[in-house]
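See below for input_11.json, which holds JSON, C-alpha atoms.
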```json
[["chain", "number", "residue", "atom", "x", "y", "z"],
["A", 730, "MET", "CA", -74.82, -3.90, 75.65],
["A", 731, "ALA", "CA", -71.32, -5.35, 75.35],
["A", 732, "ARG", "CA", -72.67, -8.33, 73.45],
["A", 733, "ASP", "CA", -74.54, -6.09, 70.99],
["A", 734, "ARG", "CA", -71.42, -4.04, 70.35],
["A", 735, "ASN", "CA", -69.25, -7.09, 69.69],
["A", 736, "THR", "CA", -71.76, -8.79, 67.40],
["A", 737, "PRO", "CA", -71.12, -6.59, 64.33],
["A", 738, "ASP", "CA", -67.38, -6.99, 64.81],
["A", 739, "ARG", "CA", -67.68, -10.74, 64.80],
["A", 740, "TYR", "CA", -69.94, -10.57, 61.76],
["A", 741, "SER", "CA", -67.52, -8.35, 59.87],
["A", 742, "THR", "CA", -64.60, -10.57, 60.80],
["A", 743, "SER", "CA", -66.40, -13.71, 59.67],
["A", 744, "LEU", "CA", -67.47, -12.05, 56.42],
["A", 745, "GLY", "CA", -63.95, -10.83, 55.76],
["A", 746, "ARG", "CA", -62.53, -14.28, 56.32],
["A", 747, "LEU", "CA", -65.12, -15.75, 54.01],
["A", 748, "ILE", "CA", -64.33, -13.30, 51.24],
["A", 749, "LEU", "CA", -60.62, -13.83, 51.69],
["A", 750, "SER", "CA", -61.07, -17.61, 51.56],
["A", 751, "ALA", "CA", -63.20, -17.33, 48.43],
["A", 752, "LEU", "CA", -60.61, -15.08, 46.79],
["A", 753, "ILE", "CA", -57.85, -17.53, 47.63],
["A", 754, "VAL", "CA", -59.88, -20.43, 46.24],
["A", 755, "LEU", "CA", -60.60, -18.40, 43.07],
["A", 756, "LEU", "CA", -56.98, -17.52, 42.53],
["A", 757, "LEU", "CA", -55.95, -21.09, 43.21],
["A", 758, "GLY", "CA", -58.53, -22.31, 40.70],
["A", 759, "LEU", "CA", -57.29, -19.83, 38.08],
["A", 760, "PHE", "CA", -53.75, -20.94, 38.74],
["A", 761, "LEU", "CA", -54.68, -24.58, 38.29],
["A", 762, "LEU", "CA", -56.78, -23.71, 35.24],
["A", 763, "TRP", "CA", -53.76, -22.05, 33.56],
["A", 764, "ARG", "CA", -51.44, -24.89, 34.56],
["A", 765, "ILE", "CA", -53.49, -27.83, 33.34],
["A", 766, "ASP", "CA", -52.38, -29.02, 29.92],
["A", 767, "SER", "CA", -55.55, -30.32, 28.29],
["A", 768, "PRO", "CA", -57.39, -29.42, 25.06],
["A", 769, "ARG", "CA", -60.69, -28.98, 26.94],
["A", 770, "VAL", "CA", -59.09, -26.74, 29.53],
["A", 771, "GLU", "CA", -57.41, -24.77, 26.73],
["A", 772, "ARG", "CA", -60.81, -24.10, 25.12],
["A", 773, "VAL", "CA", -62.12, -22.96, 28.49],
["A", 774, "ARG", "CA", -59.18, -20.63, 28.91],
["A", 775, "ILE", "CA", -59.67, -19.13, 25.46],
["A", 776, "GLU", "CA", -63.39, -18.66, 26.07],
["A", 777, "LEU", "CA", -62.67, -17.00, 29.40],
["A", 778, "ILE", "CA", -60.11, -14.65, 27.86],
["A", 779, "ASP", "CA", -62.50, -13.70, 25.05],
["A", 780, "ARG", "CA", -65.25, -12.82, 27.51],
["A", 781, "VAL", "CA", -63.28, -11.13, 30.26],
["A", 782, "VAL", "CA", -60.30, -9.32, 28.74],
["A", 783, "PRO", "CA", -62.20, -7.02, 26.31],
["A", 784, "ASN", "CA", -64.45, -5.88, 29.14],
["A", 785, "PHE", "CA", -61.42, -4.81, 31.19],
["A", 786, "SER", "CA", -59.85, -2.58, 28.54],
["A", 787, "TRP", "CA", -60.79, 0.48, 30.60],
["A", 788, "ALA", "CA", -58.68, -0.87, 33.45],
["A", 789, "THR", "CA", -55.62, -1.44, 31.25],
["A", 790, "SER", "CA", -55.82, 1.89, 29.42],
["A", 791, "PRO", "CA", -54.08, 3.92, 32.21],
["A", 792, "LEU", "CA", -51.28, 1.39, 32.30],
["A", 793, "THR", "CA", -50.99, 1.46, 28.50],
["A", 794, "GLY", "CA", -50.95, 5.27, 28.52],
["A", 795, "THR", "CA", -48.27, 5.32, 31.19],
["A", 796, "ILE", "CA", -46.13, 2.90, 29.18],
["A", 797, "ASN", "CA", -46.58, 5.03, 26.05],
["A", 798, "ILE", "CA", -45.58, 8.16, 27.96],
["A", 799, "LEU", "CA", -42.44, 6.45, 29.27],
["A", 800, "ARG", "CA", -41.58, 5.27, 25.77],
["A", 801, "SER", "CA", -42.11, 8.78, 24.37],
["A", 802, "ALA", "CA", -39.93, 10.29, 27.09],
["A", 803, "ARG", "CA", -37.19, 7.77, 26.37],
["A", 804, "SER", "CA", -37.49, 8.47, 22.64],
["A", 805, "TYR", "CA", -37.35, 12.23, 23.26],
["A", 806, "THR", "CA", -34.21, 11.82, 25.40],
["A", 807, "ARG", "CA", -32.59, 9.74, 22.67],
["A", 808, "ILE", "CA", -33.53, 12.30, 19.98],
["A", 809, "TYR", "CA", -32.22, 15.16, 22.15],
["A", 810, "GLN", "CA", -28.89, 13.37, 22.61],
["A", 811, "GLN", "CA", -28.67, 12.67, 18.89],
["A", 812, "ASN", "CA", -29.38, 16.34, 18.19],
["A", 813, "LYS", "CA", -26.54, 17.37, 20.51],
["A", 814, "ASP", "CA", -24.20, 14.94, 18.79],
["A", 815, "LEU", "CA", -25.23, 16.23, 15.35],
["A", 816, "ARG", "CA", -24.68, 19.84, 16.44],
["A", 817, "ARG", "CA", -21.20, 18.97, 17.72],
["A", 818, "GLU", "CA", -20.35, 17.15, 14.50],
["A", 819, "LEU", "CA", -21.67, 20.10, 12.48],
["A", 820, "GLN", "CA", -19.38, 22.48, 14.37],
["A", 821, "GLN", "CA", -16.44, 20.17, 13.70],
["A", 822, "MET", "CA", -17.37, 19.97, 10.03],
["A", 823, "LYS", "CA", -17.54, 23.77, 9.84],
["A", 824, "ALA", "CA", -14.06, 23.98, 11.34],
["A", 825, "TRP", "CA", -12.79, 21.35, 8.87],
["A", 826, "LYS", "CA", -14.46, 23.20, 6.00],
["A", 827, "GLU", "CA", -12.80, 26.47, 7.01],
["A", 828, "ALA", "CA", -9.42, 24.73, 7.27],
["A", 829, "ALA", "CA", -9.96, 23.11, 3.87],
["A", 830, "LEU", "CA", -10.85, 26.47, 2.30],
["A", 831, "GLN", "CA", -7.72, 28.05, 3.77],
["A", 832, "ARG", "CA", -5.59, 25.19, 2.42],
["A", 833, "GLU", "CA", -7.27, 25.54, -0.96],
["A", 834, "GLN", "CA", -6.52, 29.27, -1.05],
["A", 835, "GLU", "CA", -2.91, 28.65, -0.04],
["A", 836, "ASN", "CA", -2.54, 25.99, -2.73],
["A", 837, "ALA", "CA", -4.06, 28.35, -5.30],
["A", 838, "ARG", "CA", -1.59, 31.09, -4.40],
["A", 839, "LEU", "CA", 1.32, 28.67, -4.54],
["A", 840, "LEU", "CA", 0.15, 27.46, -7.94],
["A", 841, "ASP", "CA", -0.07, 31.08, -9.07],
["A", 842, "LEU", "CA", 3.53, 31.57, -7.98],
["A", 843, "ASN", "CA", 4.58, 28.54, -10.00],
["A", 844, "ASN", "CA", 2.75, 29.84, -13.08],
["A", 845, "VAL", "CA", 4.61, 33.16, -13.18],
["A", 846, "ARG", "CA", 6.79, 33.23, -16.31],
["A", 847, "LEU", "CA", 10.25, 34.64, -15.74],
["A", 848, "ASP", "CA", 13.53, 34.61, -17.57],
["A", 849, "PRO", "CA", 15.14, 31.16, -17.05],
["A", 850, "LYS", "CA", 18.37, 32.80, -15.94],
["A", 851, "PHE", "CA", 16.64, 34.06, -12.78],
["A", 852, "THR", "CA", 16.30, 31.78, -9.79],
["A", 853, "LYS", "CA", 13.70, 32.28, -7.11],
["A", 854, "ILE", "CA", 13.19, 31.79, -3.37],
["A", 855, "THR", "CA", 9.69, 31.44, -1.92],
["A", 856, "GLY", "CA", 8.95, 32.85, 1.51],
["A", 857, "VAL", "CA", 5.96, 33.13, 3.83],
["A", 858, "VAL", "CA", 4.66, 36.53, 4.92],
["A", 859, "LEU", "CA", 5.03, 36.64, 8.71],
["A", 860, "ALA", "CA", 3.43, 39.98, 9.49],
["A", 861, "ASP", "CA", 2.35, 43.26, 8.04],
["A", 862, "SER", "CA", 4.55, 45.78, 9.79],
["A", 863, "GLY", "CA", 3.17, 48.71, 7.83],
["A", 864, "SER", "CA", 1.72, 51.93, 9.15],
["A", 865, "PRO", "CA", -0.24, 54.86, 7.71],
["A", 866, "PHE", "CA", 3.08, 56.25, 6.48],
["A", 867, "ARG", "CA", 4.95, 53.06, 5.61],
["A", 868, "GLN", "CA", 3.91, 49.91, 3.75],
["A", 869, "THR", "CA", 6.11, 46.89, 4.40],
["A", 870, "VAL", "CA", 5.82, 43.18, 5.17],
["A", 871, "LEU", "CA", 8.16, 40.66, 6.79],
["A", 872, "LEU", "CA", 9.27, 37.37, 5.19],
["A", 873, "ASN", "CA", 10.61, 34.26, 6.91],
["A", 874, "ILE", "CA", 13.74, 34.15, 4.72],
["A", 875, "GLY", "CA", 16.94, 36.08, 5.25],
["A", 876, "LYS", "CA", 20.73, 35.97, 4.96],
["A", 877, "ARG", "CA", 20.88, 32.24, 5.64],
["A", 878, "ASP", "CA", 18.79, 31.80, 2.47],
["A", 879, "GLY", "CA", 21.01, 34.12, 0.43],
["A", 880, "ILE", "CA", 18.63, 37.09, 0.36],
["A", 881, "VAL", "CA", 20.21, 40.38, -0.70],
["A", 882, "ASP", "CA", 18.92, 43.95, -0.41],
["A", 883, "GLY", "CA", 17.25, 45.26, -3.54],
["A", 884, "TRP", "CA", 15.92, 41.98, -4.92],
["A", 885, "ALA", "CA", 12.40, 42.03, -6.36],
["A", 886, "ALA", "CA", 9.49, 40.28, -4.62],
["A", 887, "ILE", "CA", 6.45, 39.06, -6.55],
["A", 888, "ASP", "CA", 3.21, 37.25, -5.76],
["A", 889, "GLY", "CA", 1.29, 34.95, -8.09],
["A", 890, "ILE", "CA", 0.48, 37.76, -10.54],
["A", 891, "GLY", "CA", 2.90, 40.65, -10.45],
["A", 892, "LEU", "CA", 5.47, 42.77, -8.67],
["A", 893, "VAL", "CA", 4.94, 43.44, -4.96],
["A", 894, "GLY", "CA", 8.04, 45.39, -3.96],
["A", 895, "ARG", "CA", 11.72, 45.04, -3.17],
["A", 896, "ILE", "CA", 13.84, 43.74, -0.32],
["A", 897, "ALA", "CA", 14.93, 46.58, 1.97],
["A", 898, "GLY", "CA", 16.50, 45.14, 5.09],
["A", 899, "VAL", "CA", 17.80, 41.63, 5.63],
["A", 900, "GLY", "CA", 18.27, 39.76, 8.90],
["A", 901, "GLU", "CA", 19.64, 36.30, 9.53],
["A", 902, "ARG", "CA", 16.23, 34.63, 9.36],
["A", 903, "THR", "CA", 13.87, 37.38, 8.15],
["A", 904, "SER", "CA", 13.76, 40.15, 5.59],
["A", 905, "ARG", "CA", 11.64, 43.23, 5.02],
["A", 906, "VAL", "CA", 9.84, 44.02, 1.76],
["A", 907, "ILE", "CA", 8.92, 47.59, 0.87],
["A", 908, "LEU", "CA", 5.68, 47.50, -1.10],
["A", 909, "LEU", "CA", 5.07, 49.45, -4.29],
["A", 910, "GLY", "CA", 2.68, 51.80, -2.51],
["A", 911, "ASP", "CA", 5.29, 52.96, 0.01],
["A", 912, "THR", "CA", 6.41, 56.56, -0.33],
["A", 913, "SER", "CA", 10.04, 55.47, -0.65],
["A", 914, "SER", "CA", 9.28, 53.12, -3.55],
["A", 915, "ARG", "CA", 10.42, 54.07, -7.06],
["A", 916, "VAL", "CA", 10.13, 51.59, -9.93],
["A", 917, "ALA", "CA", 11.30, 52.18, -13.48],
["A", 918, "VAL", "CA", 8.57, 50.91, -15.81],
["A", 919, "THR", "CA", 7.66, 50.78, -19.48],
["A", 920, "ILE", "CA", 4.25, 50.97, -21.12],
["A", 921, "GLU", "CA", 3.87, 47.75, -23.08],
["A", 922, "SER", "CA", 1.67, 49.24, -25.82],
["A", 923, "ASN", "CA", 4.04, 52.02, -26.98],
["A", 924, "GLY", "CA", 7.35, 51.40, -25.19],
["A", 925, "GLN", "CA", 7.32, 54.64, -23.21],
["A", 926, "THR", "CA", 9.30, 54.61, -20.00],
["A", 927, "GLY", "CA", 8.37, 56.24, -16.75],
["A", 928, "LEU", "CA", 8.50, 55.89, -13.00],
["A", 929, "VAL", "CA", 5.87, 54.45, -10.65],
["A", 930, "VAL", "CA", 6.10, 56.52, -7.47],
["A", 931, "GLY", "CA", 4.59, 55.21, -4.24],
["A", 932, "ASP", "CA", 2.25, 57.57, -2.40],
["A", 933, "ASN", "CA", 0.67, 55.32, 0.25],
["A", 934, "THR", "CA", -2.29, 54.48, -1.99],
["A", 935, "SER", "CA", -3.35, 51.27, -3.71],
["A", 936, "GLN", "CA", -2.90, 52.92, -7.12],
["A", 937, "PRO", "CA", 0.39, 54.82, -7.28],
["A", 938, "PRO", "CA", 0.88, 57.41, -10.04],
["A", 939, "ILE", "CA", 3.10, 57.16, -13.13],
["A", 940, "GLU", "CA", 5.52, 60.04, -13.47],
["A", 941, "PHE", "CA", 8.01, 61.28, -16.08],
["A", 942, "LEU", "CA", 6.23, 59.94, -19.17],
["A", 943, "GLU", "CA", 7.41, 61.57, -22.39],
["A", 944, "ASN", "CA", 3.99, 61.52, -24.09],
["A", 945, "PRO", "CA", 1.34, 60.79, -21.46],
["A", 946, "GLU", "CA", -1.47, 61.66, -23.88],
["A", 947, "THR", "CA", -0.68, 58.53, -25.92],
["A", 948, "VAL", "CA", -1.14, 56.25, -22.90],
["A", 949, "ARG", "CA", -4.58, 54.70, -22.56],
["A", 950, "PRO", "CA", -6.33, 53.16, -19.53],
["A", 951, "GLY", "CA", -5.88, 49.40, -19.56],
["A", 952, "ASP", "CA", -2.32, 49.47, -20.99],
["A", 953, "ARG", "CA", -0.08, 46.98, -19.27],
["A", 954, "VAL", "CA", 2.79, 48.35, -17.18],
["A", 955, "MET", "CA", 5.99, 46.27, -16.96],
["A", 956, "THR", "CA", 9.32, 46.78, -15.25],
["A", 957, "SER", "CA", 11.86, 48.27, -17.67],
["A", 958, "GLY", "CA", 15.02, 47.11, -15.92],
["A", 959, "ASP", "CA", 16.50, 50.62, -16.00],
["A", 960, "GLY", "CA", 18.80, 51.29, -13.09],
["A", 961, "GLY", "CA", 19.52, 47.61, -12.59],
["A", 962, "VAL", "CA", 17.31, 47.32, -9.49],
["A", 963, "PHE", "CA", 14.55, 45.16, -10.99],
["A", 964, "PRO", "CA", 14.78, 42.73, -13.88],
["A", 965, "SER", "CA", 12.79, 43.76, -16.92],
["A", 966, "GLY", "CA", 9.50, 42.21, -17.99],
["A", 967, "ILE", "CA", 7.78, 41.80, -14.59],
["A", 968, "LEU", "CA", 4.12, 42.80, -14.63],
["A", 969, "VAL", "CA", 3.35, 45.80, -12.41],
["A", 970, "GLY", "CA", -0.26, 46.47, -13.32],
["A", 971, "GLN", "CA", -2.53, 48.34, -15.69],
["A", 972, "VAL", "CA", -2.92, 52.02, -16.41],
["A", 973, "THR", "CA", -5.96, 53.75, -14.94],
["A", 974, "GLN", "CA", -6.96, 57.39, -15.14],
["A", 975, "THR", "CA", -8.53, 59.52, -12.45],
["A", 976, "GLN", "CA", -11.28, 62.07, -13.02],
["A", 977, "SER", "CA", -8.66, 64.80, -12.96],
["A", 978, "GLY", "CA", -6.79, 63.08, -15.80],
["A", 979, "ARG", "CA", -3.82, 61.83, -13.77],
["A", 980, "LEU", "CA", -2.42, 58.48, -14.82],
["A", 981, "ARG", "CA", -2.08, 55.84, -12.15],
["A", 982, "VAL", "CA", -1.35, 52.11, -11.98],
["A", 983, "ARG", "CA", -3.86, 49.55, -10.76],
["A", 984, "LEU", "CA", -1.42, 47.08, -9.23],
["A", 985, "ALA", "CA", -1.65, 43.48, -10.40],
["A", 986, "ALA", "CA", -0.59, 42.09, -7.01],
["A", 987, "ASP", "CA", -3.24, 41.77, -4.32],
["A", 988, "MET", "CA", -1.63, 43.74, -1.52],
["A", 989, "LEU", "CA", -4.41, 42.89, 0.94],
["A", 990, "GLN", "CA", -3.87, 39.12, 0.79],
["A", 991, "LEU", "CA", -0.14, 38.55, 0.76],
["A", 992, "GLU", "CA", 0.69, 35.12, 2.15],
["A", 993, "PHE", "CA", 3.51, 33.84, -0.05],
["A", 994, "LEU", "CA", 6.10, 35.90, -1.93],
["A", 995, "ARG", "CA", 8.77, 34.83, -4.35],
["A", 996, "VAL", "CA", 12.07, 36.71, -4.24],
["A", 997, "ILE", "CA", 13.94, 36.87, -7.56],
["A", 998, "ARG", "CA", 17.70, 36.52, -7.43],
["A", 999, "HIS", "CA", 18.90, 39.36, -9.62],
["A", 1000, "MET", "CA", 22.45, 40.59, -9.68],
["A", 1001, "PRO", "CA", 22.57, 44.17, -11.01],
["A", 1002, "ARG", "CA", 24.70, 44.87, -14.01],
["A", 1003, "GLU", "CA", 28.13, 46.41, -13.50],
["A", 1004, "THR", "CA", 28.08, 50.17, -13.79],
["A", 1005, "ILE", "CA", 30.55, 52.08, -15.97],
["A", 1006, "SER", "CA", 31.65, 55.13, -14.01],
["A", 1007, "THR", "CA", 34.66, 56.28, -16.13],
["A", 1008, "PRO", "CA", 34.93, 56.99, -19.85],
["A", 1009, "GLY", "CA", 36.39, 54.05, -21.72],
["A", 1010, "GLY", "CA", 35.64, 51.68, -18.88],
["A", 1011, "LEU", "CA", 33.72, 49.28, -21.11],
["A", 1012, "VAL", "CA", 36.60, 49.17, -23.62],
["A", 1013, "GLY", "CA", 39.04, 48.55, -20.77],
["A", 1014, "MET", "CA", 36.95, 45.64, -19.48],
["A", 1015, "GLN", "CA", 36.73, 44.15, -22.97],
["A", 1016, "ASN", "CA", 40.54, 44.35, -23.46],
["A", 1017, "THR", "CA", 41.08, 42.73, -20.08],
["A", 1018, "THR", "CA", 38.70, 39.92, -20.97],
["A", 1019, "GLU", "CA", 40.49, 39.33, -24.31],
["A", 1020, "LEU", "CA", 43.89, 39.16, -22.59],
["A", 1021, "GLU", "CA", 42.60, 36.63, -20.09],
["A", 1022, "ASP", "CA", 41.16, 34.48, -22.88],
["A", 1023, "ARG", "CA", 44.50, 34.32, -24.77],
["A", 1024, "PRO", "CA", 46.71, 31.31, -24.03]]
```
Would you mind writing the structure in this file as structure tokens?
Amino acid sequence: MARDRNTPDRYSTSLGRLILSALIVLLLGLFLLWRIDSPRVERVRIELIDRVVPNFSWATSPLTGTINILRSARSYTRIYQQNKDLRRELQQMKAWKEAALQREQENARLLDLNNVRLDPKFTKITGVVLADSGSPFRQTVLLNIGKRDGIVDGWAAIDGIGLVGRIAGVGERTSRVILLGDTSSRVAVTIESNGQTGLVVGDNTSQPPIEFLENPETVRPGDRVMTSGDGGVFPSGILVGQVTQTQSGRLRVRLAADMLQLEFLRVIRHMPRETISTPGGLVGMQNTTELEDRP
């Protein structure tokens, strides 16, 4: 019984060794076949490849598919990284675009300031609006120029188009501008079309009314409103706005200055004229001037 049991084992072992030996001999023969450098052997190799390789395409297809999947995954990873980089660059470009638009707007406002036509005898100081310190009952802004720059209370402030307000409070480095819409603002104006004079009175609105016109019925919507220079507070000839009329018939001024986008203001140096408080004062000043001019 022991011999019968061991016989298959011996047979299997011998068969396995035979197969292994044959496989080794086959591989060795293939190795030698691929290493021999001879035209005849080369033709045999080509013939063998033509007959064997096409029949084993089914065996190489899983490997080819796996390689293609790996390549696709690598390509997807590369595309994903490129997409992230492009998104980051797009965000940076948006930030640069916004900064460029802000610079363009600032340059446009500065150019507008330079294009304002004023009397050559007036000199100007340009300041930057620091903050809007207004409230529902007071409309003012702060400038970054003050006493060190020679700013004086009462001087007119304009933007690139027209009058904004007047200086009312000066510090060493800053100054406060009361806007035309403030309830404490009073500006002597003239209607350019007919020369009538009046007063623009602030009432905390964007379109303050015109008061004290002699013939308001002759004033038409669209007429230009300019400073008259009366009272010596503002120089004459600065654009204030255009006349508009409400449904109730009240005349108001649509301000030329854009009060919602004040970034740069130009303060006009304007020394008020000397006031004559006593009768004959002008004659007295003229006589004094003549005596000083004599040798």
Best match for closeness to His999 in chain A among A:Leu756, A:Val899, A:Val881, A:Ala824, counting all atoms listed in the file: A:Val881
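Take CA of Leu908 in chain A and CA of Pro945 in chain A: the distance between them is 24.7 Å.
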Point-to-point distance from CA of Arg995 in chain A to CA of Val857 in chain A, Å rounded to tenths: 8.8 Å
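Our summary of the geometry notes that CA of Arg998 in chain A is positioned 17.0 Å from CA of Arg902 in chain A.
Of the residues under consideration (A:Ile896, A:Ile880, A:Val982, A:Ile874), A:Val982 shows the shortest atom-to-atom contact distance to Gly910 in chain A when counting all atoms listed in the file.
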For Pro937 in chain A, the nearest of the candidates A:Val858, A:Leu909, A:Val954, A:Val754, counting only C-alpha atoms: A:Leu909
Residue contacts of range 911-913 of chain A (12 Å, all atoms listed in the file) excluding same-chain residues fewer than 3 positions away, as number ranges by chain: A: 863-870, 893-895, 897, 906-908, 916, 929-938, 988
Keeping C-alpha atoms, export the residues of the selection given above as a CSV table (one decimal), keeping the file's coordinate frame.
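Below is the file part_33.csv, written as the result:
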```
chain,number,residue,atom,x,y,z
A,863,GLY,CA,3.2,48.7,7.8
A,864,SER,CA,1.7,51.9,9.2
A,865,PRO,CA,-0.2,54.9,7.7
A,866,PHE,CA,3.1,56.2,6.5
A,867,ARG,CA,5.0,53.1,5.6
A,868,GLN,CA,3.9,49.9,3.8
A,869,THR,CA,6.1,46.9,4.4
A,870,VAL,CA,5.8,43.2,5.2
A,893,VAL,CA,4.9,43.4,-5.0
A,894,GLY,CA,8.0,45.4,-4.0
A,895,ARG,CA,11.7,45.0,-3.2
A,897,ALA,CA,14.9,46.6,2.0
A,906,VAL,CA,9.8,44.0,1.8
A,907,ILE,CA,8.9,47.6,0.9
A,908,LEU,CA,5.7,47.5,-1.1
A,916,VAL,CA,10.1,51.6,-9.9
A,929,VAL,CA,5.9,54.4,-10.6
A,930,VAL,CA,6.1,56.5,-7.5
A,931,GLY,CA,4.6,55.2,-4.2
A,932,ASP,CA,2.2,57.6,-2.4
A,933,ASN,CA,0.7,55.3,0.2
A,934,THR,CA,-2.3,54.5,-2.0
A,935,SER,CA,-3.4,51.3,-3.7
A,936,GLN,CA,-2.9,52.9,-7.1
A,937,PRO,CA,0.4,54.8,-7.3
A,938,PRO,CA,0.9,57.4,-10.0
A,988,MET,CA,-1.6,43.7,-1.5
```
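Minimum atom-to-atom distance to Val996 in chain A, evaluated using all atoms listed in the file, belongs to A:Ser904 out of A:Ser957, A:Ser904, A:Ser914, A:Gln974.
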Once 6 Å is added on each side, what are the centre and the three edge lengths, in Å to one decimal, of the axis-aligned box enclosing the listed atoms of range 982-992 of chain A? Present them as lines of an AutoDock Vina configuration file.
```
center_x = -1.9
center_y = 43.6
center_z = -4.9
size_x = 17.1
size_y = 29.0
size_z = 26.1
```
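Checking A:Val972, A:Leu752, A:Leu892, A:Ile997 one by one against Ile920 in chain A, counting all atoms listed in the file, you find the shortest gap at A:Val972.
Proximity to Glu946 in chain A was assessed for A:Gln925, A:Gln821, A:Asn797, A:Ser965 counting all atoms listed in the file; the smallest distance is recorded for A:Gln925.
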